[in-house]
Every structure is written in structure tokens, then in C-alpha cells.
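Everything on this sheet refers to the single structure shown next.
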Amino acid sequence: MEKLLEFRGIGKYFPGVKALDDVSFDLYPGEVHVIVGENGAGKSTLMKVLSGAYTADAGEILLEGKPITRNSPRISEELGIRMIYQELNLVPELSIASNVFLGHELKKGFFVDKRAQEAKADELLRDMGIQVDSRTLVKNLGVGTQQMVEIAKALSKNAKIIVFDEPTSSLTDSEIRELFRIIELLKQRGVGMFYISHRLEELFEIGSRVTVMRDGKHILTEDIKNMDMTRVIEGIAGRKIENLYPHTRKEAGEALLEIRGLSGERFEDVSMTVHAGEIVGVSGLVGAGRTETMRAVFGIDSYRTGEVFVDGKKVPKNSPEKAGRMGMCLLPEDRKVEGLALPLSIRENSVISSLKLLNPGGIVKRAQEKTKVQEYMDRLSIAASTMEKLARFLSGGTQQKVVIAKWLMSKSRVFIFDEPTRGIDVGAKSSIYELMDELVLQGAAILMVSSDLQEILGMSDRIYVMSGGSVVGEIDGSEVEQSMVLNLAFSNV
Ligand SMILES: Nc1ncnc2c1ncn2[C@@H]1O[C@H](COP(=O)(O)OP(=O)(O)OP(=O)(O)O)[C@@H](O)[C@H]1O
Ligand SMILES: [Mg+2]
């Protein structure tokens, strides 16, 4: 079979980083080529070179055997190369049909032929097996359906190659199933796909081949059928990870966090207790009201009735600052928006929450601060040449690591983690679990919302299951089985 695409010796440099170093591999029609690697390995950068958003400093790209001599986002689109990012690029106020044909409108004379666009968009959607009217405004669609619109848009321009960069990180389980069904369809039509993900189980589900990247270099490309999870993990982390979940059970102490009968817009009568020395998981499907509850507990959003206590003291409503001073912290789900100051450096971001701890009496102990930041950068393998690098130049997952470092360094005792390892590479995941284990050993209490069932089962002493805004079950972590959690999670839907 003829190659659809080939990277030959691609190099890309940013100040102080070799983001891509002599990268070569290829793509066949009808193949799902999964690309995995640590945060900052260069995956997104390579795809941005392909899309023409970045210009390579070395090497060439061949499309169907012919070198792409000039590239730009417009040119790559015309060549049939389409990107589907996690952050979608649709216009919310426009209909599905208008979005699909944005930039290449169907015209009747001088005017946009809305009817024709709607008919064609309906046909595309029907073709993909999606039941939604193309006149619906995009703002009224869920994230999953919006992604389908992006794919429909790609197909409307006869895409030969579609790139998915972490497409599933904010999708519900059923939306993921839907996406995989469509990917299967595209495969049969001969579309070649690059698929980037940190959810390694996905690779075995939809992948044809896998490429591992590390430090900007190509490490291996292999048929999925010749790979197993252990080899994939070793390839990514560059080392063996014997036990991903290092959690050991500790003696639970006094109740540090108590949530009593909390009711608000998306949750009803939620009560939870977390003791010192405990990691308590909160499981449930996306949309079960978990994030909303946690935001209210920490005071970002309001609630109608109920109370929250830290260490027996009542936490005032609506004040994250006060909650923070009482020893509580929240690692938010949407970290780019809520957790990180993009114009500040890694160092500045990391120490924001722990300034008082490191600088008693307000004196800046820069040397001490730097040692601490360096320690966390090493432990989480934060990919950056220096701690002075600005957050906005970091890869997506590396930004998340900085936010996590910031909270792990704070002097909090009650930690609420909302999807702590989403988008994080497998090596750093195991370090984050180790740090969580150390925290509870020192007497902290951790409440962890996660959609990753393995993580919940591997790390929790106890598990609350939420569904439809309520707690529908509480399970002891030592006797739990996957099916129990799943049965409860689906109970109210
Ligand atoms: N515009 C930029 N300026 C400076 N450095 C950059 C820029 N874009 C990316 N980098 C650096 O290039 C390297 C590769 O980043 P890239 O975003 O490709 O990683 P990634 O493999 O996609 O990681 P993740 O899994 O976290 O998304 C990182 O060290 C990153 O900090
Ligand atoms: Mg990336």
C-alpha cells in the first residue's frame, strides 16, 4: 500500500529546547496511528508542523510521496489535512450547518445558499449516524456532539488525514464510544488518522500502530498487536513502573473534612467525610455533579443549604480565600483557566500558594524557594529547561503538572483533587500517586474526583459514588470491585 504521509527527519527548536529532533515515521490510509509520550515529548508540536502552524527547522513531510514544500494552516487544509483539538474551534452562535461550511460556503450567485448547506450538512451527519438537525445552534450541543461537528466539517472538505490531539479528555463515556464508532467508519473509508492520548487503554481499542516519542525524539513505531501495556509504559517513561498505585492503607485519624447535606444547583443533599490519613475517591459518570459539588465545597460556587467543616470549624460560604486559610485547597478540573497564571514562570506559579510557608515573616528566601521548586520539578519530571520558563510556553500536560506541584507544595491539610491525572503522562502519574501517599502519611486528607476507575480503585481507602447529583453509595476501598462502582454509577441515569 502506498504511504499517505511521511515525516523525514523533522526538527523544531524553541529557545532552549529541541522540541523535535530528527523525527521520522509514516502513516498509511485507513490507519489509526496512535502517538504517545511524556508531557512535553513533542507530540503536539509535530502535529502543528504538519498543520502548518509551525515551520520545521529541519526535515521534510511527504504527502502521497510528494514533499510539501510550502505549508500554512490554509495550505494543509487544502491538501486534506485536518486537526481536531481538545479545545474546539466552532462558532457557538452559528448553526451546525454554518459551522461546517464556514470558510468554504456553498453559494448561489453572490449569496450563501443556506438550504443547500443544511441539506449537505444533514447528509454528512446522517452518514456518520448522528441524529441532530443541522440547523441547531452549536452552543446548544454537548462537547461530544461539537466534536462530531468538527469531524463533519473535516469530511465536508474531503479530509485525507485527520489528527486527534487528546480528543477524549472531556468526553463522557458514551461520547467516547460514539467517537470510536466514527473513527472506525473513517478507517474503512481510507482516512489516515493520528491519534494522541494519555489514556493508554484507548490505544489497544482503536489503534493500528503506535509511535512512542520521548524528549523530542522518535523512540519506536510498532504494530499494536506486537505491543502490550508494559512495553508501552516502559517506552513512554523510559523505565519500568512496577506498581502504578503505591497506596498503602494508613490508620485513619480524626475527621478533617465534613460535608453535611449540601444542596445546590446541580447536587442534592451531599454528605461526605474524609479523615486524616485517608484518600477518599469520588466516582461517577461525567455529569454526575461531582465537579459542581467540589466547587461549592471550596467556595467557588454557592450552595442553598448544608454545611462544610474543616477540622471541626465551619467553612464560610463563597470564599475560596477563607477556605484556603483554613487549610483546604482545590485542584480544579479546568486547570488552564483556573489554576495557572500563563504570563508567570513555573517558579512563580508553583510558589504562589506556599509563599508564607517558604518565606516566614515575609522575607523572600529565594534560594530555599528554588530548591523546593526544583525538587518538585524533578519528581514530576516537569519538561522545561529552566524554572523561569513562562507557563504559556509549556505543553498542555506540563502546565497541569505545575498546578499540581503548586498545590502539593502548599501547606494545606485537606486536598480536593478533581481529575488529578487527566492529560498527565504515565510516569508522572505514578509520582503524583506517591506524593499523595506521602501527604496522607503526614496526616492530610484527600478527596479525589476521578473518571479513571483504575485510579479510583487503586488509590482509594473509601469510595463515594455519585449519580444524578446525589451520593448513591459508599464502598470500602479494600473490598471493592469494579462492577460495584459501575453498577452504582449507572443507577440513577
Ligand atoms: N511556543 C513555544 N515556545 C517555547 N517552547 C515551546 C513552545 N511550544 C512548545 N514548546 C516546548 O516544546 C516541547 C514540546 O511540547 P509539546 O506541546 O509538543 O509536547 P506534547 O508532547 O504535546 O506534551 P503534552 O502531552 O503535555 O501535550 C515542550 O518542552 C514545550 O515546552
Ligand atoms: Mg500536547
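Letters for chains follow the order of the C-alpha cells (A, B, ...), residue numbers begin at 1 for each chain, and ligand numbers begin at 1 in the order shown.
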
Check: What are the DSSP strand (DSSP E or B) residues of segment 76-268 of chain A, as JSON, numbers by chain?
Finding: {"A": [81, 82, 83, 84, 95, 107, 108, 111, 112, 137, 161, 162, 163, 164, 165, 192, 193, 194, 195, 196, 209, 210, 211, 212, 213, 214, 217, 218, 219, 220, 221, 222, 223, 255, 256, 257, 258, 259, 260, 261, 262, 263]}

May I have the residues within 7 Å of ligand 2, computed using only C-alpha atoms and all ligand atoms, as an mmCIF file with all heavy atoms, in the first residue's frame?
data_model
loop_
_atom_site.group_PDB
_atom_site.id
_atom_site.type_symbol
_atom_site.label_atom_id
_atom_site.label_comp_id
_atom_site.auth_asym_id
_atom_site.auth_seq_id
_atom_site.Cartn_x
_atom_site.Cartn_y
_atom_site.Cartn_z
ATOM 1 N N ASN A 39 4.601 14.188 28.805
ATOM 2 C CA ASN A 39 4.239 15.591 28.600
ATOM 3 C C ASN A 39 5.488 16.347 28.153
ATOM 4 O O ASN A 39 6.543 16.219 28.772
ATOM 5 C CB ASN A 39 3.705 16.199 29.891
ATOM 6 C CG ASN A 39 2.468 15.470 30.400
ATOM 7 O OD1 ASN A 39 2.424 15.002 31.525
ATOM 8 N ND2 ASN A 39 1.471 15.366 29.551
ATOM 9 N N GLY A 40 5.345 17.092 27.071
ATOM 10 C CA GLY A 40 6.495 17.834 26.559
ATOM 11 C C GLY A 40 7.371 17.031 25.619
ATOM 12 O O GLY A 40 8.435 17.480 25.216
ATOM 13 N N LYS A 43 4.726 15.818 20.875
ATOM 14 C CA LYS A 43 3.617 15.292 20.077
ATOM 15 C C LYS A 43 2.816 16.406 19.401
ATOM 16 O O LYS A 43 2.621 16.394 18.185
ATOM 17 C CB LYS A 43 2.675 14.449 20.969
ATOM 18 C CG LYS A 43 3.379 13.330 21.725
ATOM 19 C CD LYS A 43 2.445 12.573 22.644
ATOM 20 C CE LYS A 43 1.859 13.367 23.793
ATOM 21 N NZ LYS A 43 2.817 13.835 24.808
ATOM 22 N N SER A 44 2.361 17.364 20.211
ATOM 23 C CA SER A 44 1.547 18.447 19.637
ATOM 24 C C SER A 44 2.372 19.303 18.682
ATOM 25 O O SER A 44 1.860 19.769 17.659
ATOM 26 C CB SER A 44 0.967 19.327 20.742
ATOM 27 O OG SER A 44 0.111 18.576 21.569
ATOM 28 N N ASP A 165 -5.897 15.391 18.728
ATOM 29 C CA ASP A 165 -4.950 15.645 19.818
ATOM 30 C C ASP A 165 -5.709 15.606 21.147
ATOM 31 O O ASP A 165 -6.423 16.537 21.482
ATOM 32 C CB ASP A 165 -4.252 16.994 19.616
ATOM 33 C CG ASP A 165 -2.996 17.125 20.481
ATOM 34 O OD1 ASP A 165 -2.816 16.313 21.414
ATOM 35 O OD2 ASP A 165 -2.192 18.047 20.233
ATOM 36 N N SER A 395 3.951 22.607 27.400
ATOM 37 C CA SER A 395 2.964 21.713 26.786
ATOM 38 C C SER A 395 1.766 21.596 27.727
ATOM 39 O O SER A 395 1.876 21.887 28.922
ATOM 40 C CB SER A 395 3.577 20.341 26.540
ATOM 41 O OG SER A 395 3.609 19.586 27.729
ATOM 42 N N GLY A 396 0.628 21.157 27.176
ATOM 43 C CA GLY A 396 -0.615 21.082 27.955
ATOM 44 C C GLY A 396 -0.446 20.323 29.264
ATOM 45 O O GLY A 396 -0.819 20.807 30.337
ATOM 46 N N GLY A 397 0.135 19.147 29.181
ATOM 47 C CA GLY A 397 0.281 18.314 30.368
ATOM 48 C C GLY A 397 1.282 18.895 31.360
ATOM 49 O O GLY A 397 1.120 18.755 32.573
#

Margin query: If the limit is 10 Å from any atom of ligand 1, counting only C-alpha atoms and all ligand atoms, which residues qualify? Return them as a PyMOL selection string.
Written below: chain A and resi 12-20+35-49+54+165-166+196-198+213-216+382-385+389-401+423-425

Checklist line | Which of segment 32-140 of chain A DSSP labels helix (DSSP H, G or I), written as a VMD selection string | finding: chain A and resid 43 to 51 73 to 78 96 to 100 114 to 127 138 to 140

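Among the candidates A:Met387, A:Leu88, A:Met448, A:Ile182, the one nearest to Met128 of chain A when counting only C-alpha atoms is A:Ile182.
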
Notebook entry, point to check: If we count only C-alpha atoms, what is near Glu123 of chain A at a cut-off of 12 Å, once residues fewer than 6 positions away on the same chain are taken out, given as a list of chain:residue names?
Noted result: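 Surrounding residues, per the criterion: A:Ala97, A:Val100, A:Ala116, A:Gln117, A:Gly129, A:Ile130, A:Gln131, A:Val132, A:Asp133, A:Ser134, A:Ala152, A:Leu155, A:Ser156.
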
Can I get the selection written as a tab-separated table (two decimals), in the first residue's frame, with C-alpha atoms?
chain	number	residue	atom	x	y	z
A	97	ALA	CA	-24.55	23.77	9.03
A	100	VAL	CA	-19.48	23.00	8.80
A	116	ALA	CA	-28.02	23.65	0.29
A	117	GLN	CA	-25.65	23.87	3.26
A	129	GLY	CA	-25.04	8.10	12.14
A	130	ILE	CA	-25.63	11.24	14.19
A	131	GLN	CA	-29.17	12.27	14.94
A	132	VAL	CA	-29.20	16.02	15.20
A	133	ASP	CA	-30.71	18.71	13.00
A	134	SER	CA	-28.03	20.75	11.22
A	152	ALA	CA	-18.30	16.52	9.85
A	155	LEU	CA	-15.31	15.39	5.99
A	156	SER	CA	-17.07	18.19	4.13

Check: Near Gly144 of chain A, within 7 Å and counting only C-alpha atoms, which residues show up once chain neighbours fewer than 4 positions away are dropped, as a PyMOL selection string?
Finding: chain A and resi 148+171+175

Could you write out the selected residues, including all heavy atoms, as a PDB file, in the first residue's frame?
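Below is the file out-v8.pdb, written as the result:
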ATOM      1  N   MET A 148     -18.190  16.001  17.022  1.00  0.00           N
ATOM      2  CA  MET A 148     -18.711  15.357  15.821  1.00  0.00           C
ATOM      3  C   MET A 148     -18.888  16.379  14.703  1.00  0.00           C
ATOM      4  O   MET A 148     -18.676  16.086  13.534  1.00  0.00           O
ATOM      5  CB  MET A 148     -20.066  14.686  16.097  1.00  0.00           C
ATOM      6  CG  MET A 148     -20.025  13.611  17.152  1.00  0.00           C
ATOM      7  SD  MET A 148     -18.866  12.318  16.731  1.00  0.00           S
ATOM      8  CE  MET A 148     -18.543  11.625  18.328  1.00  0.00           C
ATOM      9  N   LEU A 171     -14.768  14.150  27.256  1.00  0.00           N
ATOM     10  CA  LEU A 171     -15.975  13.481  26.770  1.00  0.00           C
ATOM     11  C   LEU A 171     -16.524  12.504  27.807  1.00  0.00           C
ATOM     12  O   LEU A 171     -15.784  11.946  28.604  1.00  0.00           O
ATOM     13  CB  LEU A 171     -15.663  12.694  25.491  1.00  0.00           C
ATOM     14  CG  LEU A 171     -15.184  13.476  24.279  1.00  0.00           C
ATOM     15  CD1 LEU A 171     -15.148  12.568  23.059  1.00  0.00           C
ATOM     16  CD2 LEU A 171     -16.060  14.678  23.995  1.00  0.00           C
ATOM     17  N   GLU A 175     -20.034   9.350  24.839  1.00  0.00           N
ATOM     18  CA  GLU A 175     -19.493  10.166  23.744  1.00  0.00           C
ATOM     19  C   GLU A 175     -18.208   9.556  23.192  1.00  0.00           C
ATOM     20  O   GLU A 175     -17.944   9.610  21.990  1.00  0.00           O
ATOM     21  CB  GLU A 175     -19.240  11.602  24.220  1.00  0.00           C
ATOM     22  CG  GLU A 175     -20.516  12.400  24.426  1.00  0.00           C
ATOM     23  CD  GLU A 175     -20.287  13.729  25.138  1.00  0.00           C
ATOM     24  OE1 GLU A 175     -19.235  13.886  25.805  1.00  0.00           O
ATOM     25  OE2 GLU A 175     -21.146  14.604  25.033  1.00  0.00           O
TER      26      GLU A 175
END

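The two atoms in question, atom CA of Glu118 of chain A and atom CA of Val138 of chain A, are spaced 13.7 Å apart.
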
Check: Which neighbours of Ile219 of chain A fall inside 10 Å, counting only C-alpha atoms, when residues of the same chain fewer than 5 positions from it are skipped, and could you give them as a list in words?
Finding: Val23, Ser24, Gly37, Thr211, Val212, Met213, Arg214, Gly235, Ile236 and Gly238 of chain A

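If you measure from each of A:Phe415, A:Tyr28, A:Tyr376, A:Phe309 to Val191 of chain A using only C-alpha atoms, the closest one turns out to be A:Tyr28.
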
Checklist line | 6 Å contact set for Glu419 of chain A, only C-alpha atoms, chain neighbours under 4 positions out, as a PyMOL selection string | finding: chain A and resi 333+449-450

Margin query: I'd like the neighbourhood of Ser302 of chain A as a list in words, where a residue qualifies if any of its atoms comes within 10 Å (using only C-alpha atoms), though same-chain residues fewer than 2 positions away should be ignored.
Written below: Ser263, Gly264, Glu265, Glu292, Thr293, Arg295, Ala296, Val297, Phe298, Gly299, Ile300, Arg304, Thr305, Lys317, Asn318 and Ser319 of chain A

Can those selected residues be exported to a file as a CSV table (one decimal), in the first residue's frame so that it contains all heavy atoms?
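Wrote it out as out_15.csv, contents follow:
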chain,number,residue,atom,x,y,z
A,263,SER,N,-26.8,21.1,49.3
A,263,SER,CA,-27.7,21.1,48.2
A,263,SER,C,-27.4,22.4,47.4
A,263,SER,O,-27.3,23.4,48.0
A,263,SER,CB,-29.1,21.0,48.6
A,263,SER,OG,-29.4,19.8,49.2
A,264,GLY,N,-27.4,22.2,46.1
A,264,GLY,CA,-27.2,23.4,45.2
A,264,GLY,C,-27.8,23.1,43.9
A,264,GLY,O,-28.6,22.2,43.7
A,265,GLU,N,-27.3,23.9,42.9
A,265,GLU,CA,-28.0,23.8,41.6
A,265,GLU,C,-27.9,22.4,41.0
A,265,GLU,O,-28.9,22.0,40.4
A,265,GLU,CB,-27.3,24.8,40.7
A,265,GLU,CG,-28.3,25.3,39.6
A,265,GLU,CD,-27.8,26.7,39.1
A,265,GLU,OE1,-27.8,27.6,39.9
A,265,GLU,OE2,-27.5,26.8,37.9
A,292,GLU,N,-19.3,20.1,40.4
A,292,GLU,CA,-20.1,21.2,40.9
A,292,GLU,C,-20.1,21.1,42.4
A,292,GLU,O,-20.0,22.2,43.1
A,292,GLU,CB,-21.6,21.1,40.4
A,292,GLU,CG,-21.7,21.4,38.9
A,292,GLU,CD,-21.3,20.2,38.0
A,292,GLU,OE1,-20.9,19.2,38.5
A,292,GLU,OE2,-21.4,20.4,36.8
A,293,THR,N,-20.2,19.9,43.0
A,293,THR,CA,-20.2,19.8,44.4
A,293,THR,C,-18.8,20.3,45.0
A,293,THR,O,-18.8,21.1,46.0
A,293,THR,CB,-20.4,18.3,44.8
A,293,THR,OG1,-21.5,17.8,44.2
A,293,THR,CG2,-20.5,18.1,46.4
A,295,ARG,N,-16.7,22.4,43.8
A,295,ARG,CA,-16.5,23.8,43.6
A,295,ARG,C,-17.3,24.5,44.7
A,295,ARG,O,-16.9,25.5,45.3
A,295,ARG,CB,-17.0,24.3,42.2
A,295,ARG,CG,-16.1,23.9,41.1
A,295,ARG,CD,-16.7,24.1,39.8
A,295,ARG,NE,-17.1,25.5,39.6
A,295,ARG,CZ,-16.3,26.5,39.1
A,295,ARG,NH1,-15.1,26.1,38.6
A,295,ARG,NH2,-16.7,27.7,38.9
A,296,ALA,N,-18.5,24.0,45.1
A,296,ALA,CA,-19.3,24.6,46.2
A,296,ALA,C,-18.6,24.4,47.5
A,296,ALA,O,-18.5,25.3,48.3
A,296,ALA,CB,-20.7,24.0,46.2
A,297,VAL,N,-18.0,23.2,47.7
A,297,VAL,CA,-17.4,22.9,49.0
A,297,VAL,C,-16.2,23.9,49.2
A,297,VAL,O,-16.0,24.4,50.3
A,297,VAL,CB,-16.8,21.5,49.0
A,297,VAL,CG1,-15.8,21.2,50.2
A,297,VAL,CG2,-18.0,20.5,49.1
A,298,PHE,N,-15.5,24.2,48.2
A,298,PHE,CA,-14.3,25.1,48.3
A,298,PHE,C,-14.7,26.6,48.2
A,298,PHE,O,-13.9,27.5,48.5
A,298,PHE,CB,-13.3,24.8,47.2
A,298,PHE,CG,-12.0,25.5,47.3
A,298,PHE,CD1,-11.2,25.3,48.5
A,298,PHE,CD2,-11.5,26.3,46.3
A,298,PHE,CE1,-10.0,26.0,48.6
A,298,PHE,CE2,-10.3,27.0,46.4
A,298,PHE,CZ,-9.6,26.8,47.6
A,299,GLY,N,-16.0,26.8,47.9
A,299,GLY,CA,-16.5,28.2,47.9
A,299,GLY,C,-16.4,29.0,46.6
A,299,GLY,O,-16.7,30.2,46.6
A,300,ILE,N,-16.1,28.3,45.5
A,300,ILE,CA,-16.1,29.0,44.2
A,300,ILE,C,-17.5,29.2,43.8
A,300,ILE,O,-17.8,30.3,43.3
A,300,ILE,CB,-15.3,28.1,43.2
A,300,ILE,CG1,-13.9,27.9,43.6
A,300,ILE,CG2,-15.4,28.8,41.8
A,300,ILE,CD1,-13.1,26.9,42.7
A,304,ARG,N,-27.3,26.1,48.4
A,304,ARG,CA,-28.5,26.5,49.0
A,304,ARG,C,-28.5,26.2,50.5
A,304,ARG,O,-28.6,27.1,51.3
A,304,ARG,CB,-29.7,25.8,48.4
A,304,ARG,CG,-30.5,26.7,47.4
A,304,ARG,CD,-31.8,26.0,47.0
A,304,ARG,NE,-31.9,24.6,47.2
A,304,ARG,CZ,-31.6,23.7,46.3
A,304,ARG,NH1,-31.2,24.1,45.1
A,304,ARG,NH2,-31.8,22.4,46.5
A,305,THR,N,-28.4,24.9,50.8
A,305,THR,CA,-28.4,24.5,52.2
A,305,THR,C,-27.2,23.6,52.4
A,305,THR,O,-26.6,23.0,51.5
A,305,THR,CB,-29.7,23.8,52.5
A,305,THR,OG1,-29.9,22.8,51.5
A,305,THR,CG2,-30.9,24.7,52.5
A,317,LYS,N,-19.4,30.2,53.4
A,317,LYS,CA,-19.8,30.0,52.0
A,317,LYS,C,-19.0,31.0,51.1
A,317,LYS,O,-18.6,32.1,51.6
A,317,LYS,CB,-21.3,30.4,51.9
A,317,LYS,CG,-22.2,29.3,51.6
A,317,LYS,CD,-23.6,29.9,51.3
A,317,LYS,CE,-24.7,29.0,51.7
A,317,LYS,NZ,-26.0,29.5,51.4
A,318,ASN,N,-18.9,30.6,49.9
A,318,ASN,CA,-18.5,31.6,48.8
A,318,ASN,C,-17.1,32.2,49.1
A,318,ASN,O,-16.9,33.4,48.6
A,318,ASN,CB,-19.5,32.7,48.7
A,318,ASN,CG,-20.6,32.3,47.8
A,318,ASN,OD1,-20.3,31.6,46.8
A,318,ASN,ND2,-21.8,32.8,48.0
A,319,SER,N,-16.2,31.6,49.7
A,319,SER,CA,-14.9,32.3,49.9
A,319,SER,C,-13.7,31.3,49.8
A,319,SER,O,-13.3,30.8,50.8
A,319,SER,CB,-14.9,33.0,51.2
A,319,SER,OG,-13.6,33.6,51.4

Notebook entry, point to check: With only C-alpha atoms as the basis for distance, which of A:Val34, A:Leu106, A:Ile68, A:Ile416 is at the shortest distance from Ile279 of chain A?
Noted result: A:Ile416
